[in-house]
$ cat entry29.cif   # mmCIF, C-alpha atoms
data_structure
#
loop_
_atom_site.label_atom_id
_atom_site.label_comp_id
_atom_site.auth_asym_id
_atom_site.auth_seq_id
_atom_site.Cartn_x
_atom_site.Cartn_y
_atom_site.Cartn_z
CA MET A 1 0.00 0.00 0.00
CA ALA A 2 1.51 3.29 -1.12
CA PRO A 3 2.20 5.82 1.69
CA LYS A 4 -0.13 8.79 1.94
CA LEU A 5 1.31 12.09 0.86
CA LYS A 6 0.68 15.14 3.02
CA ILE A 7 -0.17 18.14 0.87
CA ASN A 8 -0.01 21.64 2.34
CA LEU A 9 -2.65 23.83 0.72
CA MET A 10 -1.54 27.30 -0.31
CA ARG A 11 -3.16 30.09 1.68
CA VAL A 12 -3.27 33.44 -0.08
CA ARG A 13 -3.05 36.54 2.12
CA GLU A 14 -3.95 40.10 1.20
CA HIS A 15 -2.45 43.11 2.98
CA GLY A 16 -4.02 46.50 3.55
CA MET A 17 -3.84 49.42 5.98
CA VAL A 18 -6.18 51.00 8.51
CA ALA A 19 -7.16 54.44 7.21
CA GLU A 20 -9.76 55.61 9.72
CA ILE A 21 -11.72 54.38 12.76
CA LYS A 22 -15.28 55.46 13.59
CA GLU A 23 -16.46 53.82 16.81
CA ASP A 24 -16.46 50.07 16.01
CA VAL A 25 -16.21 50.45 12.22
CA VAL A 26 -12.73 50.50 10.68
CA HIS A 27 -11.99 51.86 7.19
CA VAL A 28 -9.34 49.72 5.51
CA THR A 29 -7.61 50.46 2.21
CA GLY A 30 -5.65 48.11 -0.04
CA LEU A 31 -8.01 45.10 0.08
CA THR A 32 -9.05 44.54 -3.53
CA ASN A 33 -10.01 40.84 -3.52
CA CYS A 34 -12.06 40.62 -0.31
CA MET A 35 -15.66 39.50 0.17
CA TYR A 36 -18.54 40.19 2.54
CA GLY A 37 -18.24 38.45 5.91
CA GLN A 38 -14.51 37.80 5.57
CA LEU A 39 -12.30 37.89 8.67
CA VAL A 40 -9.65 40.63 8.83
CA LYS A 41 -6.75 40.81 11.28
CA LEU A 42 -6.12 44.38 12.43
CA GLY A 43 -2.95 45.62 14.08
CA ALA A 44 -1.29 43.35 16.62
CA ASP A 45 -4.29 41.41 17.96
CA GLY A 46 -7.50 42.94 16.58
CA GLN A 47 -10.06 41.14 14.45
CA GLY A 48 -12.99 42.31 12.37
CA ILE A 49 -15.34 41.20 9.61
CA ILE A 50 -16.06 42.93 6.32
CA VAL A 51 -19.58 44.40 6.33
CA GLY A 52 -19.52 46.90 3.47
CA PHE A 53 -17.65 48.40 0.54
CA ASP A 54 -16.82 51.90 -0.64
CA PRO A 55 -14.98 52.98 -3.80
CA ASP A 56 -11.95 54.00 -1.70
CA TYR A 57 -12.00 51.59 1.24
CA VAL A 58 -13.59 48.54 2.88
CA LEU A 59 -15.80 48.77 5.98
CA VAL A 60 -14.68 46.36 8.71
CA LEU A 61 -16.76 45.81 11.86
CA LEU A 62 -14.48 45.32 14.88
CA VAL A 63 -15.24 42.10 16.82
CA HIS A 64 -12.16 41.70 19.02
CA GLN A 65 -9.26 43.82 20.25
CA ARG A 66 -6.92 43.88 23.23
CA SER A 67 -4.81 46.87 22.29
CA PRO A 68 -6.03 50.06 20.57
CA ILE A 69 -6.16 50.08 16.77
CA LYS A 70 -4.99 53.27 15.10
CA PRO A 71 -4.65 54.60 11.54
CA GLY A 72 -1.58 53.19 9.82
CA ASP A 73 -1.87 49.72 11.40
CA LYS A 74 -1.60 46.73 9.08
CA ALA A 75 -4.69 44.80 7.99
CA VAL A 76 -4.30 41.21 6.80
CA THR A 77 -6.96 38.90 5.42
CA LEU A 78 -7.03 35.34 4.12
CA ILE A 79 -8.73 34.81 0.75
CA GLU A 80 -11.21 32.31 2.19
CA GLU A 81 -14.51 32.14 4.09
CA PHE A 82 -14.72 33.05 7.77
CA LYS A 83 -15.23 29.73 9.58
CA ILE A 84 -15.85 28.98 13.24
CA PRO A 85 -15.26 25.74 15.20
CA VAL A 86 -18.27 23.53 15.95
CA GLY A 87 -18.97 20.16 17.57
CA ARG A 88 -20.65 18.39 20.48
CA THR A 89 -17.56 19.15 22.55
CA PHE A 90 -18.97 22.68 23.05
CA LEU A 91 -21.92 21.38 25.09
CA GLY A 92 -21.90 22.68 28.64
CA ARG A 93 -19.71 25.68 27.79
CA ARG A 94 -20.18 29.45 27.67
CA LEU A 95 -18.73 31.05 24.53
CA ASN A 96 -18.45 34.42 22.87
CA ALA A 97 -19.58 35.12 19.31
CA LEU A 98 -16.25 33.81 17.95
CA ALA A 99 -16.80 30.42 19.67
CA ARG A 100 -14.08 31.14 22.23
CA PRO A 101 -14.66 30.03 25.85
CA ILE A 102 -15.47 32.82 28.32
CA ASP A 103 -16.24 30.60 31.31
CA GLY A 104 -12.65 30.31 32.55
CA ALA A 105 -12.42 26.62 31.58
CA PRO A 106 -9.82 25.15 29.17
CA PRO A 107 -10.14 25.65 25.41
CA VAL A 108 -12.55 23.41 23.49
CA ARG A 109 -11.29 21.00 20.86
CA GLU A 110 -13.50 21.39 17.80
CA GLU A 111 -14.80 18.55 15.63
CA THR A 112 -14.95 20.56 12.41
CA PHE A 113 -15.39 24.11 11.05
CA TYR A 114 -18.50 25.67 9.49
CA PRO A 115 -18.74 28.93 7.51
CA LEU A 116 -20.16 31.66 9.74
CA PHE A 117 -22.48 32.96 7.00
CA ASN A 118 -23.59 29.58 5.71
CA GLN A 119 -26.16 29.47 2.93
CA ALA A 120 -29.54 28.12 4.00
CA PRO A 121 -31.01 25.26 1.93
CA ALA A 122 -33.79 26.04 -0.51
CA VAL A 123 -37.39 25.62 0.67
CA LEU A 124 -37.95 22.50 -1.47
CA GLU A 125 -34.79 20.89 -0.05
CA ARG A 126 -35.88 21.19 3.58
CA ILE A 127 -37.21 18.22 5.54
CA PRO A 128 -40.94 18.46 6.43
CA LEU A 129 -41.79 19.00 10.10
CA THR A 130 -43.06 15.75 11.57
CA GLU A 131 -42.17 15.99 15.29
CA VAL A 132 -43.47 18.30 17.99
CA LEU A 133 -41.12 20.25 20.26
CA ALA A 134 -42.77 20.41 23.69
CA THR A 135 -42.18 23.78 25.35
CA GLY A 136 -43.47 22.70 28.78
CA ILE A 137 -46.08 25.49 28.67
CA LYS A 138 -49.45 23.72 28.36
CA ILE A 139 -51.36 26.56 26.72
CA VAL A 140 -48.69 26.85 24.00
CA ASP A 141 -48.40 23.10 23.41
CA MET A 142 -52.19 22.75 23.17
CA LEU A 143 -53.14 25.77 21.06
CA LYS A 144 -49.99 26.45 19.05
CA PRO A 145 -47.70 23.38 19.02
CA VAL A 146 -44.14 24.01 17.81
CA GLY A 147 -42.51 21.64 15.33
CA LYS A 148 -38.86 20.61 15.55
CA GLY A 149 -37.02 22.85 13.11
CA GLN A 150 -39.72 25.52 13.09
CA ARG A 151 -38.81 29.14 13.68
CA MET A 152 -40.84 30.84 16.38
CA LEU A 153 -40.56 34.41 17.63
CA ILE A 154 -41.43 35.40 21.22
CA VAL A 155 -42.70 38.99 21.07
CA GLY A 156 -43.55 41.18 24.04
CA ASP A 157 -42.72 44.28 26.05
CA ARG A 158 -39.94 44.42 28.61
CA VAL A 159 -40.31 42.39 31.80
CA THR A 160 -43.25 40.34 30.49
CA GLY A 161 -41.61 36.90 30.80
CA LYS A 162 -40.08 36.32 27.35
CA THR A 163 -36.85 34.96 28.85
CA ALA A 164 -38.83 32.74 31.20
CA VAL A 165 -40.69 31.20 28.24
CA GLY A 166 -37.44 30.48 26.43
CA LEU A 167 -35.77 29.03 29.53
CA ASN A 168 -38.79 26.84 30.26
CA ALA A 169 -38.62 25.46 26.71
CA ILE A 170 -34.90 24.66 27.17
CA LEU A 171 -35.46 22.94 30.52
CA SER A 172 -38.21 20.84 28.95
CA GLN A 173 -35.76 19.29 26.45
CA ARG A 174 -33.97 17.16 29.02
CA ASP A 175 -33.64 13.54 27.74
CA GLN A 176 -35.41 14.55 24.50
CA ASN A 177 -32.36 14.29 22.19
CA VAL A 178 -32.43 18.06 21.55
CA ILE A 179 -29.42 20.39 21.70
CA CYS A 180 -30.24 23.87 23.02
CA ILE A 181 -28.29 27.07 22.42
CA TYR A 182 -29.05 30.08 24.59
CA CYS A 183 -27.92 33.20 22.72
CA ALA A 184 -27.62 36.37 24.84
CA ILE A 185 -27.27 39.60 22.85
CA GLY A 186 -26.78 42.92 24.62
CA LYS A 187 -27.69 41.55 28.06
CA SER A 188 -25.92 42.59 31.24
CA GLU A 189 -23.58 40.24 33.09
CA ALA A 190 -26.06 40.11 35.99
CA ALA A 191 -28.89 38.93 33.72
CA ILE A 192 -26.67 36.27 32.14
CA ASN A 193 -25.53 35.05 35.57
CA LYS A 194 -29.18 34.44 36.54
CA VAL A 195 -29.61 32.24 33.47
CA ILE A 196 -26.40 30.38 34.33
CA GLU A 197 -27.76 29.67 37.83
CA VAL A 198 -30.97 28.24 36.33
CA PHE A 199 -28.92 25.99 34.05
CA HIS A 200 -26.86 24.75 37.00
CA GLU A 201 -29.86 24.13 39.23
CA ASN A 202 -31.67 22.11 36.54
CA GLU A 203 -28.59 20.33 35.09
CA ALA A 204 -29.30 21.80 31.66
CA TRP A 205 -25.62 22.07 30.67
CA GLU A 206 -25.61 18.40 29.63
CA TYR A 207 -27.50 19.28 26.44
CA SER A 208 -27.05 23.07 26.24
CA LEU A 209 -24.48 25.75 25.58
CA MET A 210 -24.50 29.53 25.79
CA VAL A 211 -23.33 32.13 23.27
CA ALA A 212 -23.04 35.49 25.01
CA ALA A 213 -22.36 38.94 23.56
CA THR A 214 -22.83 41.26 26.51
CA ALA A 215 -23.78 44.92 26.43
CA SER A 216 -20.24 45.86 27.49
CA GLY A 217 -18.62 43.84 24.69
CA PRO A 218 -17.78 44.91 21.13
CA MET A 219 -20.71 45.78 18.88
CA GLY A 220 -19.30 43.39 16.29
CA GLN A 221 -19.79 40.39 18.56
CA GLN A 222 -23.40 41.39 19.19
CA TYR A 223 -23.84 41.41 15.42
CA LEU A 224 -22.23 37.95 15.01
CA ALA A 225 -23.85 36.16 17.96
CA PRO A 226 -27.09 35.04 16.19
CA TYR A 227 -25.08 33.41 13.40
#
$ encode --input "entry29.cif" --output "structure tokens"
Amino acid sequence: MAPKLKINLMRVREHGMVAEIKEDVVHVTGLTNCMYGQLVKLGADGQGIIVGFDPDYVLVLLVHQRSPIKPGDKAVTLIEEFKIPVGRTFLGRRLNALARPIDGAPPVREETFYPLFNQAPAVLERIPLTEVLATGIKIVDMLKPVGKGQRMLIVGDRVTGKTAVGLNAILSQRDQNVICIYCAIGKSEAAINKVIEVFHENEAWEYSLMVAATASGPMGQQYLAPY
């Protein structure tokens, strides 16, 4: 049996320069072969994603930085899609919008990578809904049952129990072969800590994970969190 050859794929990089910074949006020049949603490295340790184009520059939304980014810093991008790590190994963990642990525990070893802005399948290619997702709220399950894979929106004013409805639906999925993702966008640390306590008390971490983009974090991560 012939030995397997290891082939290193060529990775093409494109270099630009930070021209201007307006709040969390960075204007970058010199990127001529970039695409929407592409990851850009800014300065020493900053990261951003491309969210718009102008005849003279590219608009990059800042998603991570440890040191200040200033005009004249280098901008480097790979000519490939922005992918994030995924896998069942992330169950029980609290992550930021870039799938990096923020719970103080060791890093997670991913199973594979998925494009962040993945294309949804066409309507005719989707599997019909045949199973019911019990929310644990009797009035909802009786009058408006939810199908597995169905999108449902909880609408209401502030402090009317929307979070409680979502949490109750998550807690009802124990031993139901359902993976739950709690996505917190723009919430305070105190509000997120209350949800964490509920997860601990009800042992929901076995089949759940949390993606958190807090109000004090970068605007770019709040934009990415739902994806």
$ atom_distance --input "entry29.cif" --atom1 "CA of Arg93 (chain A)" --atom2 "CA of Ala213 (chain A)"
14.2 Å
$ resolve_selection --input "entry29.cif" --expression "the PyMOL selection byres ((chain A and resi 70-81) around 6)" --output "number ranges by chain"
A: 12-20, 38, 40-43, 69, 82
$ resolve_selection --input "entry29.cif" --expression "the PyMOL selection byres ((chain A and resi 116) around 10)" --output "NGL selection string"
:A and (37-38 or 81-85 or 98 or 113-115 or 117-119 or 224 or 227)
$ closest_residue --input "entry29.cif" --among "A:Tyr207, A:Val51, A:Ile192, A:Glu23" --to "Met35 (chain A)" --atoms "all atoms listed in the file"
A:Val51
$ residues_around --input "entry29.cif" --residues "Thr214 (chain A)" --least-positions-apart "5" --cutoff "9 Å" --atoms "all atoms listed in the file" --output "list in words"
Asn96, Ala184, Ile185, Gly186, Lys187, Ser188, Glu189, Ile192, Gln221 and Gln222 of chain A
$ resolve_selection --input "entry29.cif" --expression "the PyMOL selection byres ((chain A and resi 24) around 8)" --output "PyMOL selection string"
chain A and resi 21-23+25-26+61-62+218-220
$ closest_residue --input "entry29.cif" --among "A:Leu171, A:Ile137, A:Val86, A:Ala215" --to "Asn202 (chain A)" --atoms "all atoms listed in the file"
A:Leu171
$ residues_around --input "entry29.cif" --residues "Gly87 (chain A)" --least-positions-apart "5" --cutoff "7 Å" --atoms "only C-alpha atoms" --output "JSON, numbers by chain"
{"A": [110, 111, 112]}
$ closest_residue --input "entry29.cif" --among "A:Ile127, A:Met152, A:Ala97, A:Ala120" --to "Cys183 (chain A)" --atoms "all atoms listed in the file"
A:Ala97
$ decode --input "entry29.cif" --residues "region 43-184 of chain A" --atoms "C-alpha atoms" --output "mmCIF file, in the first residue's frame"
data_model
loop_
_atom_site.group_PDB
_atom_site.id
_atom_site.type_symbol
_atom_site.label_atom_id
_atom_site.label_comp_id
_atom_site.auth_asym_id
_atom_site.auth_seq_id
_atom_site.Cartn_x
_atom_site.Cartn_y
_atom_site.Cartn_z
ATOM 1 C CA GLY A 43 -2.955 45.624 14.077
ATOM 2 C CA ALA A 44 -1.289 43.346 16.617
ATOM 3 C CA ASP A 45 -4.289 41.412 17.957
ATOM 4 C CA GLY A 46 -7.500 42.942 16.581
ATOM 5 C CA GLN A 47 -10.062 41.144 14.446
ATOM 6 C CA GLY A 48 -12.987 42.306 12.370
ATOM 7 C CA ILE A 49 -15.338 41.200 9.614
ATOM 8 C CA ILE A 50 -16.065 42.932 6.322
ATOM 9 C CA VAL A 51 -19.580 44.399 6.330
ATOM 10 C CA GLY A 52 -19.519 46.897 3.470
ATOM 11 C CA PHE A 53 -17.654 48.398 0.541
ATOM 12 C CA ASP A 54 -16.825 51.898 -0.644
ATOM 13 C CA PRO A 55 -14.975 52.976 -3.803
ATOM 14 C CA ASP A 56 -11.954 54.000 -1.704
ATOM 15 C CA TYR A 57 -12.002 51.585 1.244
ATOM 16 C CA VAL A 58 -13.587 48.539 2.884
ATOM 17 C CA LEU A 59 -15.799 48.770 5.985
ATOM 18 C CA VAL A 60 -14.683 46.360 8.709
ATOM 19 C CA LEU A 61 -16.756 45.810 11.865
ATOM 20 C CA LEU A 62 -14.476 45.316 14.877
ATOM 21 C CA VAL A 63 -15.238 42.101 16.816
ATOM 22 C CA HIS A 64 -12.160 41.704 19.018
ATOM 23 C CA GLN A 65 -9.262 43.821 20.250
ATOM 24 C CA ARG A 66 -6.917 43.881 23.230
ATOM 25 C CA SER A 67 -4.806 46.869 22.290
ATOM 26 C CA PRO A 68 -6.034 50.061 20.571
ATOM 27 C CA ILE A 69 -6.164 50.079 16.769
ATOM 28 C CA LYS A 70 -4.987 53.269 15.097
ATOM 29 C CA PRO A 71 -4.645 54.595 11.544
ATOM 30 C CA GLY A 72 -1.581 53.189 9.818
ATOM 31 C CA ASP A 73 -1.865 49.716 11.397
ATOM 32 C CA LYS A 74 -1.604 46.733 9.078
ATOM 33 C CA ALA A 75 -4.693 44.797 7.988
ATOM 34 C CA VAL A 76 -4.296 41.214 6.801
ATOM 35 C CA THR A 77 -6.964 38.904 5.423
ATOM 36 C CA LEU A 78 -7.033 35.340 4.116
ATOM 37 C CA ILE A 79 -8.725 34.806 0.753
ATOM 38 C CA GLU A 80 -11.211 32.314 2.194
ATOM 39 C CA GLU A 81 -14.507 32.140 4.094
ATOM 40 C CA PHE A 82 -14.716 33.048 7.766
ATOM 41 C CA LYS A 83 -15.231 29.731 9.576
ATOM 42 C CA ILE A 84 -15.847 28.976 13.245
ATOM 43 C CA PRO A 85 -15.258 25.739 15.199
ATOM 44 C CA VAL A 86 -18.274 23.533 15.946
ATOM 45 C CA GLY A 87 -18.970 20.158 17.567
ATOM 46 C CA ARG A 88 -20.651 18.390 20.478
ATOM 47 C CA THR A 89 -17.564 19.152 22.552
ATOM 48 C CA PHE A 90 -18.969 22.675 23.046
ATOM 49 C CA LEU A 91 -21.918 21.379 25.092
ATOM 50 C CA GLY A 92 -21.899 22.685 28.639
ATOM 51 C CA ARG A 93 -19.713 25.679 27.787
ATOM 52 C CA ARG A 94 -20.180 29.449 27.671
ATOM 53 C CA LEU A 95 -18.729 31.049 24.530
ATOM 54 C CA ASN A 96 -18.449 34.419 22.875
ATOM 55 C CA ALA A 97 -19.581 35.117 19.307
ATOM 56 C CA LEU A 98 -16.245 33.812 17.947
ATOM 57 C CA ALA A 99 -16.801 30.419 19.673
ATOM 58 C CA ARG A 100 -14.077 31.138 22.227
ATOM 59 C CA PRO A 101 -14.658 30.034 25.851
ATOM 60 C CA ILE A 102 -15.467 32.824 28.317
ATOM 61 C CA ASP A 103 -16.245 30.597 31.311
ATOM 62 C CA GLY A 104 -12.650 30.306 32.548
ATOM 63 C CA ALA A 105 -12.423 26.624 31.577
ATOM 64 C CA PRO A 106 -9.816 25.148 29.173
ATOM 65 C CA PRO A 107 -10.143 25.651 25.409
ATOM 66 C CA VAL A 108 -12.553 23.413 23.488
ATOM 67 C CA ARG A 109 -11.293 21.005 20.857
ATOM 68 C CA GLU A 110 -13.502 21.388 17.802
ATOM 69 C CA GLU A 111 -14.804 18.553 15.627
ATOM 70 C CA THR A 112 -14.946 20.564 12.407
ATOM 71 C CA PHE A 113 -15.389 24.105 11.045
ATOM 72 C CA TYR A 114 -18.504 25.671 9.490
ATOM 73 C CA PRO A 115 -18.743 28.933 7.509
ATOM 74 C CA LEU A 116 -20.157 31.655 9.737
ATOM 75 C CA PHE A 117 -22.477 32.962 6.999
ATOM 76 C CA ASN A 118 -23.587 29.577 5.706
ATOM 77 C CA GLN A 119 -26.163 29.472 2.928
ATOM 78 C CA ALA A 120 -29.539 28.119 4.004
ATOM 79 C CA PRO A 121 -31.014 25.257 1.935
ATOM 80 C CA ALA A 122 -33.791 26.042 -0.514
ATOM 81 C CA VAL A 123 -37.387 25.618 0.671
ATOM 82 C CA LEU A 124 -37.952 22.500 -1.466
ATOM 83 C CA GLU A 125 -34.789 20.889 -0.054
ATOM 84 C CA ARG A 126 -35.877 21.195 3.575
ATOM 85 C CA ILE A 127 -37.207 18.224 5.541
ATOM 86 C CA PRO A 128 -40.937 18.464 6.429
ATOM 87 C CA LEU A 129 -41.787 19.003 10.097
ATOM 88 C CA THR A 130 -43.060 15.747 11.574
ATOM 89 C CA GLU A 131 -42.168 15.986 15.285
ATOM 90 C CA VAL A 132 -43.466 18.296 17.990
ATOM 91 C CA LEU A 133 -41.122 20.249 20.264
ATOM 92 C CA ALA A 134 -42.772 20.407 23.688
ATOM 93 C CA THR A 135 -42.175 23.781 25.351
ATOM 94 C CA GLY A 136 -43.468 22.703 28.777
ATOM 95 C CA ILE A 137 -46.081 25.487 28.666
ATOM 96 C CA LYS A 138 -49.446 23.724 28.359
ATOM 97 C CA ILE A 139 -51.362 26.559 26.724
ATOM 98 C CA VAL A 140 -48.695 26.847 23.997
ATOM 99 C CA ASP A 141 -48.401 23.101 23.414
ATOM 100 C CA MET A 142 -52.193 22.751 23.170
ATOM 101 C CA LEU A 143 -53.140 25.768 21.059
ATOM 102 C CA LYS A 144 -49.987 26.453 19.055
ATOM 103 C CA PRO A 145 -47.700 23.376 19.016
ATOM 104 C CA VAL A 146 -44.140 24.009 17.810
ATOM 105 C CA GLY A 147 -42.511 21.639 15.326
ATOM 106 C CA LYS A 148 -38.860 20.612 15.551
ATOM 107 C CA GLY A 149 -37.017 22.848 13.114
ATOM 108 C CA GLN A 150 -39.720 25.518 13.089
ATOM 109 C CA ARG A 151 -38.808 29.141 13.682
ATOM 110 C CA MET A 152 -40.841 30.839 16.382
ATOM 111 C CA LEU A 153 -40.564 34.406 17.633
ATOM 112 C CA ILE A 154 -41.427 35.401 21.216
ATOM 113 C CA VAL A 155 -42.695 38.992 21.073
ATOM 114 C CA GLY A 156 -43.552 41.177 24.040
ATOM 115 C CA ASP A 157 -42.723 44.279 26.049
ATOM 116 C CA ARG A 158 -39.939 44.423 28.609
ATOM 117 C CA VAL A 159 -40.314 42.391 31.797
ATOM 118 C CA THR A 160 -43.254 40.339 30.486
ATOM 119 C CA GLY A 161 -41.606 36.903 30.804
ATOM 120 C CA LYS A 162 -40.076 36.317 27.350
ATOM 121 C CA THR A 163 -36.847 34.961 28.845
ATOM 122 C CA ALA A 164 -38.829 32.736 31.197
ATOM 123 C CA VAL A 165 -40.693 31.205 28.240
ATOM 124 C CA GLY A 166 -37.444 30.475 26.431
ATOM 125 C CA LEU A 167 -35.775 29.030 29.528
ATOM 126 C CA ASN A 168 -38.789 26.839 30.257
ATOM 127 C CA ALA A 169 -38.619 25.463 26.713
ATOM 128 C CA ILE A 170 -34.903 24.662 27.174
ATOM 129 C CA LEU A 171 -35.457 22.939 30.518
ATOM 130 C CA SER A 172 -38.213 20.837 28.945
ATOM 131 C CA GLN A 173 -35.764 19.294 26.448
ATOM 132 C CA ARG A 174 -33.975 17.163 29.018
ATOM 133 C CA ASP A 175 -33.637 13.544 27.738
ATOM 134 C CA GLN A 176 -35.410 14.552 24.496
ATOM 135 C CA ASN A 177 -32.357 14.290 22.194
ATOM 136 C CA VAL A 178 -32.430 18.056 21.547
ATOM 137 C CA ILE A 179 -29.416 20.388 21.703
ATOM 138 C CA CYS A 180 -30.241 23.868 23.016
ATOM 139 C CA ILE A 181 -28.291 27.073 22.420
ATOM 140 C CA TYR A 182 -29.052 30.084 24.594
ATOM 141 C CA CYS A 183 -27.921 33.198 22.723
ATOM 142 C CA ALA A 184 -27.625 36.366 24.836
#
